[in-house]
>>> print(open('run_0.txt').read())   # compact mmCIF, C-alpha atoms (C1' of nucleotides)
# COMPACT_ATOMS: atom_id res chain seq x y z
CA MET A 274 12.93 13.47 -10.15
CA THR A 275 14.50 10.15 -9.48
CA GLU A 276 11.27 8.35 -8.77
CA ARG A 277 11.81 4.73 -7.94
CA ILE A 278 10.78 2.17 -10.50
CA SER A 279 9.02 -0.87 -9.14
CA GLU A 280 9.85 -4.40 -10.20
CA ALA A 281 6.92 -4.84 -12.52
CA GLU A 282 7.63 -1.44 -14.02
CA TRP A 283 11.24 -2.44 -14.49
CA GLN A 284 10.21 -5.32 -16.69
CA VAL A 285 8.31 -2.92 -18.89
CA MET A 286 11.29 -0.60 -19.05
CA GLU A 287 13.49 -3.47 -20.15
CA ILE A 288 11.27 -3.98 -23.16
CA LEU A 289 11.33 -0.32 -24.02
CA TRP A 290 15.09 -0.10 -23.63
CA ALA A 291 15.47 -3.13 -25.86
CA HIS A 292 12.95 -2.28 -28.56
CA GLY A 293 12.75 1.42 -29.18
CA PRO A 294 9.41 3.22 -28.97
CA LEU A 295 6.49 0.85 -28.78
CA THR A 296 2.74 1.00 -28.59
CA ALA A 297 1.12 -0.45 -25.51
CA GLN A 298 -0.01 -3.33 -27.65
CA ALA A 299 3.48 -4.09 -28.92
CA ALA A 300 4.97 -3.77 -25.47
CA ALA A 301 2.44 -6.24 -24.13
CA ALA A 302 3.31 -8.62 -26.92
CA GLN A 303 6.97 -8.45 -25.93
CA LEU A 304 5.92 -9.11 -22.37
CA ALA A 305 4.17 -12.33 -23.22
CA ALA A 306 6.37 -14.15 -20.72
CA THR A 307 4.69 -12.34 -17.86
CA ALA A 308 1.17 -13.38 -18.83
CA TRP A 309 -0.02 -9.92 -17.97
CA THR A 310 -3.14 -8.73 -19.68
CA LEU A 311 -3.01 -5.73 -21.95
CA ALA A 312 -4.79 -3.75 -19.26
CA THR A 313 -1.99 -4.43 -16.81
CA VAL A 314 0.68 -3.34 -19.23
CA LYS A 315 -1.25 -0.17 -19.95
CA THR A 316 -1.48 0.61 -16.28
CA LEU A 317 2.24 0.14 -15.85
CA LEU A 318 2.97 2.33 -18.85
CA SER A 319 0.71 5.04 -17.46
CA ARG A 320 2.41 4.93 -14.11
CA LEU A 321 5.81 5.10 -15.77
CA ALA A 322 4.65 8.08 -17.83
CA ALA A 323 3.27 9.73 -14.71
CA LYS A 324 6.63 9.47 -13.01
CA GLY A 325 8.48 10.67 -16.05
CA ALA A 326 10.30 7.44 -16.77
CA VAL A 327 8.88 7.15 -20.26
CA THR A 328 7.84 9.70 -22.83
CA THR A 329 4.77 9.42 -24.98
CA THR A 330 4.43 10.66 -28.52
CA GLU A 331 1.11 10.60 -30.25
CA ASP A 332 0.94 8.34 -33.23
CA GLY A 333 -2.48 8.89 -34.59
CA ARG A 334 -4.91 7.81 -31.95
CA ARG A 335 -2.40 6.04 -29.78
CA PHE A 336 0.88 6.59 -28.02
CA LEU A 337 4.36 5.48 -28.69
CA TYR A 338 6.13 4.89 -25.43
CA ALA A 339 9.86 5.38 -25.22
CA PRO A 340 12.24 5.36 -22.27
CA ALA A 341 12.96 8.80 -20.88
CA VAL A 342 15.70 7.63 -18.58
CA ALA A 343 18.88 5.73 -19.34
CA ARG A 344 19.07 2.19 -18.17
CA ALA A 345 22.58 2.77 -16.92
CA ASP A 346 21.41 5.63 -14.72
CA ILE A 347 18.74 3.57 -13.07
CA ALA A 348 21.08 0.62 -12.73
CA ALA A 349 23.65 2.89 -11.13
CA GLY A 350 21.17 4.18 -8.63
CA GLU A 351 19.94 0.75 -7.69
CA SER A 352 23.44 -0.66 -7.43
CA ARG A 353 24.47 2.17 -5.23
CA ARG A 354 21.49 1.72 -2.98
CA LEU A 355 22.19 -1.96 -2.59
CA VAL A 356 25.89 -1.55 -2.01
CA ASP A 357 25.22 1.17 0.52
CA ARG A 358 22.63 -0.84 2.32
CA LEU A 359 24.36 -4.19 2.35
CA PHE A 360 28.02 -3.48 2.18
CA GLY A 361 28.53 -0.10 3.74
CA GLY A 362 28.97 1.51 0.37
CA ARG A 363 32.02 -0.55 -0.54
CA ALA A 364 32.05 -2.54 -3.74
CA THR A 365 34.87 -4.82 -2.72
CA PRO A 366 32.88 -6.61 -0.03
CA LEU A 367 30.18 -7.20 -2.60
CA VAL A 368 32.62 -8.91 -4.91
CA ALA A 369 34.22 -10.77 -2.04
CA HIS A 370 30.80 -11.84 -0.98
CA LEU A 371 29.81 -13.11 -4.39
CA ALA A 372 33.11 -14.90 -4.61
CA GLU A 373 32.75 -16.54 -1.23
CA ARG A 374 29.33 -17.80 -2.07
CA GLY A 375 30.67 -19.38 -5.21
CA GLU A 376 28.72 -16.98 -7.34
CA LEU A 377 31.73 -16.23 -9.49
CA SER A 378 32.93 -18.66 -12.13
CA ASN A 379 36.52 -18.89 -13.23
CA ALA A 380 35.55 -17.03 -16.33
CA ASP A 381 34.08 -14.27 -14.19
CA ILE A 382 37.27 -14.04 -12.23
CA ALA A 383 39.39 -13.88 -15.35
CA GLU A 384 37.14 -11.20 -16.69
CA LEU A 385 37.36 -9.22 -13.51
CA GLU A 386 41.10 -9.53 -13.58
CA ALA A 387 41.24 -8.07 -17.06
CA LEU A 388 38.93 -5.32 -15.99
CA ILE A 389 41.08 -4.47 -13.01
CA ARG A 390 44.15 -4.37 -15.16
CA GLU A 391 42.39 -1.91 -17.36
CA LEU A 392 41.19 0.19 -14.49
CA LYS A 393 44.68 0.55 -13.17
CA GLN A 394 45.74 2.73 -16.05
CA MET B 111 10.68 -19.39 3.98
CA THR B 112 12.71 -16.71 2.35
CA GLU B 113 10.24 -13.93 2.94
CA ARG B 114 11.48 -10.62 1.69
CA ILE B 115 12.55 -8.07 4.26
CA SER B 116 11.46 -4.51 3.60
CA GLU B 117 13.76 -1.54 3.93
CA ALA B 118 12.47 -0.37 7.27
CA GLU B 119 12.61 -3.92 8.55
CA TRP B 120 16.17 -4.19 7.30
CA GLN B 121 17.19 -1.32 9.54
CA VAL B 122 15.78 -3.16 12.50
CA MET B 123 17.61 -6.31 11.51
CA GLU B 124 20.87 -4.39 11.34
CA ILE B 125 20.46 -3.45 14.96
CA LEU B 126 19.71 -7.01 15.96
CA TRP B 127 22.64 -8.37 14.00
CA ALA B 128 24.89 -5.83 15.61
CA HIS B 129 23.68 -6.04 19.21
CA GLY B 130 22.61 -9.52 20.14
CA PRO B 131 19.10 -10.15 21.48
CA LEU B 132 17.32 -6.97 22.45
CA THR B 133 14.03 -5.92 23.91
CA ALA B 134 11.79 -3.76 21.76
CA GLN B 135 12.70 -0.87 23.99
CA ALA B 136 16.42 -1.37 23.56
CA ALA B 137 16.07 -1.85 19.83
CA ALA B 138 14.15 1.40 19.59
CA ALA B 139 16.89 3.13 21.55
CA GLN B 140 19.46 1.90 19.06
CA LEU B 141 17.26 3.17 16.29
CA ALA B 142 17.18 6.70 17.60
CA ALA B 143 18.54 7.93 14.28
CA THR B 144 15.31 7.00 12.57
CA ALA B 145 13.10 9.01 14.91
CA TRP B 146 10.61 6.18 14.88
CA THR B 147 8.32 5.90 17.85
CA LEU B 148 8.45 2.84 20.02
CA ALA B 149 5.17 1.72 18.48
CA THR B 150 6.69 1.72 15.03
CA VAL B 151 9.64 -0.36 16.12
CA LYS B 152 7.32 -2.82 17.81
CA THR B 153 5.29 -3.18 14.65
CA LEU B 154 8.39 -3.87 12.61
CA LEU B 155 9.60 -6.42 15.15
CA SER B 156 6.23 -8.15 15.07
CA ARG B 157 6.23 -8.31 11.33
CA LEU B 158 9.75 -9.69 11.34
CA ALA B 159 8.72 -12.30 13.89
CA ALA B 160 5.67 -13.18 11.80
CA LYS B 161 7.83 -13.85 8.79
CA GLY B 162 10.33 -15.83 10.80
CA ALA B 163 13.21 -13.41 10.42
CA VAL B 164 13.62 -12.97 14.15
CA THR B 165 13.04 -15.26 17.08
CA THR B 166 11.48 -14.21 20.33
CA THR B 167 12.33 -15.59 23.72
CA GLU B 168 10.31 -14.63 26.71
CA ASP B 169 12.15 -12.65 29.31
CA GLY B 170 9.62 -12.23 32.06
CA ARG B 171 6.78 -10.30 30.60
CA ARG B 172 8.56 -9.20 27.49
CA PHE B 173 10.42 -10.58 24.54
CA LEU B 174 14.01 -10.65 23.57
CA TYR B 175 14.27 -10.39 19.84
CA ALA B 176 17.15 -12.03 18.06
CA PRO B 177 17.90 -12.52 14.37
CA ALA B 178 16.80 -15.88 13.05
CA VAL B 179 18.47 -15.46 9.71
CA ALA B 180 22.10 -14.73 8.89
CA ARG B 181 22.88 -11.36 7.49
CA ALA B 182 25.10 -12.93 4.88
CA ASP B 183 22.24 -15.07 3.63
CA ILE B 184 19.94 -12.16 3.16
CA ALA B 185 22.69 -10.09 1.62
CA ALA B 186 23.44 -12.92 -0.77
CA GLY B 187 19.83 -13.16 -1.82
CA GLU B 188 19.48 -9.45 -2.36
CA SER B 189 22.76 -9.21 -4.25
CA ARG B 190 21.76 -12.04 -6.48
CA ARG B 191 18.41 -10.51 -7.19
CA LEU B 192 19.97 -7.22 -8.13
CA VAL B 193 22.70 -8.74 -10.26
CA ASP B 194 20.15 -10.90 -12.01
CA ARG B 195 17.82 -8.07 -12.63
CA LEU B 196 20.30 -5.42 -13.64
CA PHE B 197 23.22 -7.26 -15.10
CA GLY B 198 21.87 -10.49 -16.44
CA GLY B 199 23.25 -12.43 -13.53
CA ARG B 200 26.84 -11.50 -14.21
CA ALA B 201 28.91 -9.84 -11.51
CA THR B 202 31.54 -8.48 -13.83
CA PRO B 203 29.26 -5.97 -15.48
CA LEU B 204 28.30 -4.74 -12.05
CA VAL B 205 31.89 -4.07 -11.16
CA ALA B 206 32.58 -2.62 -14.58
CA HIS B 207 29.59 -0.44 -14.11
CA LEU B 208 30.63 0.82 -10.72
CA ALA B 209 34.08 1.47 -12.10
CA GLU B 210 32.80 3.36 -15.10
CA ARG B 211 30.70 5.58 -12.97
CA GLY B 212 33.70 6.43 -10.87
CA GLU B 213 32.23 4.65 -7.92
CA LEU B 214 35.48 2.84 -7.26
CA SER B 215 38.42 4.59 -5.61
CA ASN B 216 41.99 3.62 -6.26
CA ALA B 217 41.98 1.92 -2.92
CA ASP B 218 38.95 -0.07 -3.98
CA ILE B 219 40.67 -1.14 -7.12
CA ALA B 220 43.81 -2.18 -5.27
CA GLU B 221 41.68 -4.12 -2.89
CA LEU B 222 39.82 -5.81 -5.66
CA GLU B 223 43.11 -6.69 -7.29
CA ALA B 224 44.30 -8.38 -4.16
CA LEU B 225 41.04 -10.19 -3.87
CA ILE B 226 41.25 -11.44 -7.44
CA ARG B 227 44.76 -12.66 -6.86
CA GLU B 228 43.50 -14.60 -3.93
CA LEU B 229 40.56 -16.00 -5.82
CA LYS B 230 42.82 -17.31 -8.52
CA GLN B 231 44.36 -19.88 -6.24
C1' DT C 283 -3.33 -1.31 47.36
C1' DC C 284 -3.72 1.23 43.73
C1' DA C 285 -2.27 4.31 40.20
C1' DT C 286 0.95 4.14 36.76
C1' DA C 287 4.18 2.38 33.58
C1' DA C 288 5.40 -0.96 30.27
C1' DC C 289 4.36 -5.07 27.36
C1' DG C 290 2.64 -7.39 23.24
C1' DA C 291 -1.45 -7.51 20.33
C1' DT C 292 -4.44 -5.36 17.43
C1' DG C 293 -6.36 -1.78 14.64
C1' DA C 294 -5.71 2.03 11.67
C1' DC C 295 -4.66 4.51 7.65
C1' DA C 296 -2.34 6.50 3.67
C1' DG C 297 0.60 5.51 -0.14
C1' DA C 298 2.81 2.10 -3.31
C1' DT C 299 2.30 -1.98 -5.98
C1' DG C 300 0.40 -5.87 -8.72
C1' DT C 301 -3.24 -6.95 -11.42
C1' DA C 302 -7.23 -6.13 -14.04
C1' DG C 303 -12.15 -4.40 -15.61
C1' DT C 304 -14.85 -0.79 -17.68
C1' DC C 305 -15.92 3.38 -20.40
C1' DG C 306 -16.36 6.96 -23.84
C1' DA C 307 -14.25 8.01 -28.05
C1' DT C 308 -12.36 6.80 -32.34
C1' DT C 309 -11.01 4.27 -36.25
C1' DC C 310 -11.13 0.31 -39.44
C1' DG C 311 -12.96 -3.41 -42.04
C1' DC C 312 -16.57 -4.57 -44.63
C1' DG D 196 -22.45 3.67 -43.03
C1' DC D 197 -22.03 0.77 -39.27
C1' DG D 198 -20.61 -2.77 -36.06
C1' DA D 199 -16.35 -4.38 -34.11
C1' DA D 200 -11.89 -3.52 -32.55
C1' DT D 201 -8.88 -0.56 -30.22
C1' DC D 202 -7.16 3.44 -27.62
C1' DG D 203 -6.13 5.94 -23.39
C1' DA D 204 -8.41 7.21 -19.08
C1' DC D 205 -10.41 6.00 -15.07
C1' DT D 206 -11.81 2.90 -11.46
C1' DA D 207 -11.11 -1.03 -8.54
C1' DC D 208 -9.21 -3.79 -5.18
C1' DA D 209 -6.14 -6.77 -2.53
C1' DT D 210 -1.61 -6.77 -0.58
C1' DC D 211 2.52 -4.62 1.22
C1' DT D 212 4.83 -0.93 3.53
C1' DG D 213 5.61 2.95 6.64
C1' DT D 214 4.03 4.93 10.52
C1' DC D 215 1.58 5.25 14.67
C1' DA D 216 -2.40 4.99 18.45
C1' DT D 217 -5.04 2.27 21.42
C1' DC D 218 -6.21 -1.67 24.37
C1' DG D 219 -6.22 -5.28 27.75
C1' DT D 220 -3.02 -7.13 30.83
C1' DT D 221 0.46 -7.33 34.02
C1' DA D 222 4.18 -5.73 36.90
C1' DT D 223 6.09 -1.96 39.74
C1' DG D 224 6.63 1.37 42.97
C1' DA D 225 4.94 4.47 46.42
>>> encode(input="run_0.txt", output="structure tokens")
Amino acid sequence: MTERISEAEWQVMEILWAHGPLTAQAAAAQLAATAWTLATVKTLLSRLAAKGAVTTTEDGRRFLYAPAVARADIAAGESRRLVDRLFGGRATPLVAHLAERGELSNADIAELEALIRELKQ
Amino acid sequence: MTERISEAEWQVMEILWAHGPLTAQAAAAQLAATAWTLATVKTLLSRLAAKGAVTTTEDGRRFLYAPAVARADIAAGESRRLVDRLFGGRATPLVAHLAERGELSNADIAELEALIRELKQ
DNA sequence: TCATAACGATGACAGATGTAGTCGATTCGC
DNA sequence: GCGAATCGACTACATCTGTCATCGTTATGA
């Protein structure tokens, strides 16, 4: 079930998650930043449909594509994979790592602190 | 420079990071868990050498393969990519996410708390 | 010395991925 | 009514990835 979603496909999913059901045309328009042709977007949508990541509903002669999986679920899976692979499954080393590399701003740290406080209840 | 390292290649790198320079033979032995043949391991080592991720030093007729990149650097790159892609570049949502999904144990949270305290100095 | 073992290099091949063209059918504007 | 636009389906093709076999060469051991 949990077919992986490739990076290009992910970009298409982002559009669908952000802007409800869309036609291929409309999705391509939203993806203007990628400079993909309509054909490319159609291919990606087909592949996503084939792997069950989007649903299609007929709308006259064309399809409306909508996400069939929750973004949070995919994000969870990918996060888990990365944390498993890079940090032995522990989240703390990830945070420590980001911190060490100066990837966390003071605001981030404050935010994390608040989050931790909340989690402790 | 920063060529991506595939998942299979990553497993080979782990072995090299863990056990200094190794011959292909020795690396394959360490990778017994994968059930890869020696030929497969050799291919992966070659590809890693081709992309500059490992260095080779001649040892008689064969090579000793050693990592040419730091694990932390690769981990940083991959983490950043994921956080960018999934959480708009912010680490906090990642942690919040892991927490929400119950991916963080109490011990993790305590650890994170200590880490935050440290970061605040 | 001579078969054999081991080495790196190279070739192979299927599946995934990125990217796009083409085609038969349909609809829409005029 | 009819040509143009548009749709999804199908085809294409280069690259990457996972996985492995084979080859020419060299060292090793009997």
>>> closest_residue(input="run_0.txt", among="B:Thr144, B:Thr202, B:Ser116, B:Thr166", to="chain D", atoms="all atoms listed in the file")
B:Ser116
>>> closest_atom_pairs(input="run_0.txt", of="chain B", to="chain D", cutoff="9 Å", atoms="all atoms listed in the file", output="tab-separated table")
residue	atom	partner	partner_atom	distance
B:Ser116	CA	D:DT212	C1'	7.5
B:Glu117	CA	D:DT212	C1'	9.0
B:Ala118	CA	D:DG213	C1'	7.6
B:Trp146	CA	D:DT214	C1'	8.0
B:Thr147	CA	D:DC215	C1'	7.5
B:Ala149	CA	D:DC215	C1'	6.3
B:Thr150	CA	D:DT214	C1'	6.1
B:Arg171	CA	D:DT221	C1'	7.8
>>> residues_around(input="run_0.txt", residues="Gln140 of chain B", least_positions_apart="3", cutoff="10 Å", atoms="all atoms listed in the file", output="MDAnalysis selection string")
chainID B and resid 122 125:126 129 132 134:137 143:144
>>> atom_distance(input="run_0.txt", atom1="atom CA of Gly361 of chain A", atom2="atom CA of Arg190 of chain B")
17.1 Å
>>> atom_distance(input="run_0.txt", atom1="atom CA of Glu276 of chain A", atom2="atom CA of Lys324 of chain A")
6.4 Å
>>> interface_residues(input="run_0.txt", of="chain C", to="chain A", cutoff="8 Å", atoms="only C-alpha atoms (C1' of nucleotides)", output="MDAnalysis selection string")
chainID C and resid 299:302 308
>>> interface_residues(input="run_0.txt", of="chain A", to="chain B", cutoff="10 Å", atoms="only C-alpha atoms", output="NGL selection string")
:A and (280 or 283-284 or 287 or 344-349 or 351-353 or 355-356 or 358-360 or 362-374 or 376-386 or 388-390 or 392-393)
>>> write_last_selection(input="run_0.txt", atoms="C-alpha atoms", output="PDB file, in the coordinates of the input")
ATOM      1  CA  GLU A 280       9.850  -4.400 -10.200  1.00  0.00           C
ATOM      2  CA  TRP A 283      11.240  -2.440 -14.490  1.00  0.00           C
ATOM      3  CA  GLN A 284      10.210  -5.320 -16.690  1.00  0.00           C
ATOM      4  CA  GLU A 287      13.490  -3.470 -20.150  1.00  0.00           C
ATOM      5  CA  ARG A 344      19.070   2.190 -18.170  1.00  0.00           C
ATOM      6  CA  ALA A 345      22.580   2.770 -16.920  1.00  0.00           C
ATOM      7  CA  ASP A 346      21.410   5.630 -14.720  1.00  0.00           C
ATOM      8  CA  ILE A 347      18.740   3.570 -13.070  1.00  0.00           C
ATOM      9  CA  ALA A 348      21.080   0.620 -12.730  1.00  0.00           C
ATOM     10  CA  ALA A 349      23.650   2.890 -11.130  1.00  0.00           C
ATOM     11  CA  GLU A 351      19.940   0.750  -7.690  1.00  0.00           C
ATOM     12  CA  SER A 352      23.440  -0.660  -7.430  1.00  0.00           C
ATOM     13  CA  ARG A 353      24.470   2.170  -5.230  1.00  0.00           C
ATOM     14  CA  LEU A 355      22.190  -1.960  -2.590  1.00  0.00           C
ATOM     15  CA  VAL A 356      25.890  -1.550  -2.010  1.00  0.00           C
ATOM     16  CA  ARG A 358      22.630  -0.840   2.320  1.00  0.00           C
ATOM     17  CA  LEU A 359      24.360  -4.190   2.350  1.00  0.00           C
ATOM     18  CA  PHE A 360      28.020  -3.480   2.180  1.00  0.00           C
ATOM     19  CA  GLY A 362      28.970   1.510   0.370  1.00  0.00           C
ATOM     20  CA  ARG A 363      32.020  -0.550  -0.540  1.00  0.00           C
ATOM     21  CA  ALA A 364      32.050  -2.540  -3.740  1.00  0.00           C
ATOM     22  CA  THR A 365      34.870  -4.820  -2.720  1.00  0.00           C
ATOM     23  CA  PRO A 366      32.880  -6.610  -0.030  1.00  0.00           C
ATOM     24  CA  LEU A 367      30.180  -7.200  -2.600  1.00  0.00           C
ATOM     25  CA  VAL A 368      32.620  -8.910  -4.910  1.00  0.00           C
ATOM     26  CA  ALA A 369      34.220 -10.770  -2.040  1.00  0.00           C
ATOM     27  CA  HIS A 370      30.800 -11.840  -0.980  1.00  0.00           C
ATOM     28  CA  LEU A 371      29.810 -13.110  -4.390  1.00  0.00           C
ATOM     29  CA  ALA A 372      33.110 -14.900  -4.610  1.00  0.00           C
ATOM     30  CA  GLU A 373      32.750 -16.540  -1.230  1.00  0.00           C
ATOM     31  CA  ARG A 374      29.330 -17.800  -2.070  1.00  0.00           C
ATOM     32  CA  GLU A 376      28.720 -16.980  -7.340  1.00  0.00           C
ATOM     33  CA  LEU A 377      31.730 -16.230  -9.490  1.00  0.00           C
ATOM     34  CA  SER A 378      32.930 -18.660 -12.130  1.00  0.00           C
ATOM     35  CA  ASN A 379      36.520 -18.890 -13.230  1.00  0.00           C
ATOM     36  CA  ALA A 380      35.550 -17.030 -16.330  1.00  0.00           C
ATOM     37  CA  ASP A 381      34.080 -14.270 -14.190  1.00  0.00           C
ATOM     38  CA  ILE A 382      37.270 -14.040 -12.230  1.00  0.00           C
ATOM     39  CA  ALA A 383      39.390 -13.880 -15.350  1.00  0.00           C
ATOM     40  CA  GLU A 384      37.140 -11.200 -16.690  1.00  0.00           C
ATOM     41  CA  LEU A 385      37.360  -9.220 -13.510  1.00  0.00           C
ATOM     42  CA  GLU A 386      41.100  -9.530 -13.580  1.00  0.00           C
ATOM     43  CA  LEU A 388      38.930  -5.320 -15.990  1.00  0.00           C
ATOM     44  CA  ILE A 389      41.080  -4.470 -13.010  1.00  0.00           C
ATOM     45  CA  ARG A 390      44.150  -4.370 -15.160  1.00  0.00           C
ATOM     46  CA  LEU A 392      41.190   0.190 -14.490  1.00  0.00           C
ATOM     47  CA  LYS A 393      44.680   0.550 -13.170  1.00  0.00           C
TER      48      LYS A 393
END
>>> build_atoms(input="run_0.txt", residues="segment 131-145 of chain B", atoms="N, CA and C atoms", output="PDB file, keeping the file's coordinate frame")
ATOM      1  N   PRO B 131      20.535 -10.205  21.199  1.00  0.00           N
ATOM      2  CA  PRO B 131      19.100 -10.150  21.480  1.00  0.00           C
ATOM      3  C   PRO B 131      18.798  -8.851  22.224  1.00  0.00           C
ATOM      4  N   LEU B 132      17.710  -8.239  21.849  1.00  0.00           N
ATOM      5  CA  LEU B 132      17.320  -6.970  22.450  1.00  0.00           C
ATOM      6  C   LEU B 132      15.827  -6.961  22.729  1.00  0.00           C
ATOM      7  N   THR B 133      15.447  -6.170  23.707  1.00  0.00           N
ATOM      8  CA  THR B 133      14.030  -5.920  23.910  1.00  0.00           C
ATOM      9  C   THR B 133      13.601  -4.879  22.868  1.00  0.00           C
ATOM     10  N   ALA B 134      12.294  -4.753  22.706  1.00  0.00           N
ATOM     11  CA  ALA B 134      11.790  -3.760  21.760  1.00  0.00           C
ATOM     12  C   ALA B 134      12.291  -2.381  22.166  1.00  0.00           C
ATOM     13  N   GLN B 135      12.224  -2.142  23.426  1.00  0.00           N
ATOM     14  CA  GLN B 135      12.700  -0.870  23.990  1.00  0.00           C
ATOM     15  C   GLN B 135      14.142  -0.584  23.586  1.00  0.00           C
ATOM     16  N   ALA B 136      14.994  -1.549  23.850  1.00  0.00           N
ATOM     17  CA  ALA B 136      16.420  -1.370  23.560  1.00  0.00           C
ATOM     18  C   ALA B 136      16.656  -1.209  22.064  1.00  0.00           C
ATOM     19  N   ALA B 137      15.915  -1.973  21.286  1.00  0.00           N
ATOM     20  CA  ALA B 137      16.070  -1.850  19.830  1.00  0.00           C
ATOM     21  C   ALA B 137      15.699  -0.443  19.390  1.00  0.00           C
ATOM     22  N   ALA B 138      14.594   0.059  19.940  1.00  0.00           N
ATOM     23  CA  ALA B 138      14.150   1.400  19.590  1.00  0.00           C
ATOM     24  C   ALA B 138      15.212   2.432  19.971  1.00  0.00           C
ATOM     25  N   ALA B 139      15.834   2.198  21.103  1.00  0.00           N
ATOM     26  CA  ALA B 139      16.890   3.130  21.550  1.00  0.00           C
ATOM     27  C   ALA B 139      18.017   3.151  20.528  1.00  0.00           C
ATOM     28  N   GLN B 140      18.380   1.973  20.046  1.00  0.00           N
ATOM     29  CA  GLN B 140      19.460   1.900  19.060  1.00  0.00           C
ATOM     30  C   GLN B 140      19.053   2.545  17.743  1.00  0.00           C
ATOM     31  N   LEU B 141      17.755   2.616  17.545  1.00  0.00           N
ATOM     32  CA  LEU B 141      17.260   3.170  16.290  1.00  0.00           C
ATOM     33  C   LEU B 141      16.910   4.646  16.401  1.00  0.00           C
ATOM     34  N   ALA B 142      17.491   5.293  17.367  1.00  0.00           N
ATOM     35  CA  ALA B 142      17.180   6.700  17.600  1.00  0.00           C
ATOM     36  C   ALA B 142      17.322   7.533  16.332  1.00  0.00           C
ATOM     37  N   ALA B 143      18.285   7.159  15.500  1.00  0.00           N
ATOM     38  CA  ALA B 143      18.540   7.930  14.280  1.00  0.00           C
ATOM     39  C   ALA B 143      17.323   7.996  13.356  1.00  0.00           C
ATOM     40  N   THR B 144      16.459   7.028  13.463  1.00  0.00           N
ATOM     41  CA  THR B 144      15.310   7.000  12.570  1.00  0.00           C
ATOM     42  C   THR B 144      14.158   7.874  13.054  1.00  0.00           C
ATOM     43  N   ALA B 145      14.192   8.212  14.341  1.00  0.00           N
ATOM     44  CA  ALA B 145      13.100   9.010  14.910  1.00  0.00           C
ATOM     45  C   ALA B 145      11.767   8.263  14.885  1.00  0.00           C
TER      46      ALA B 145
END
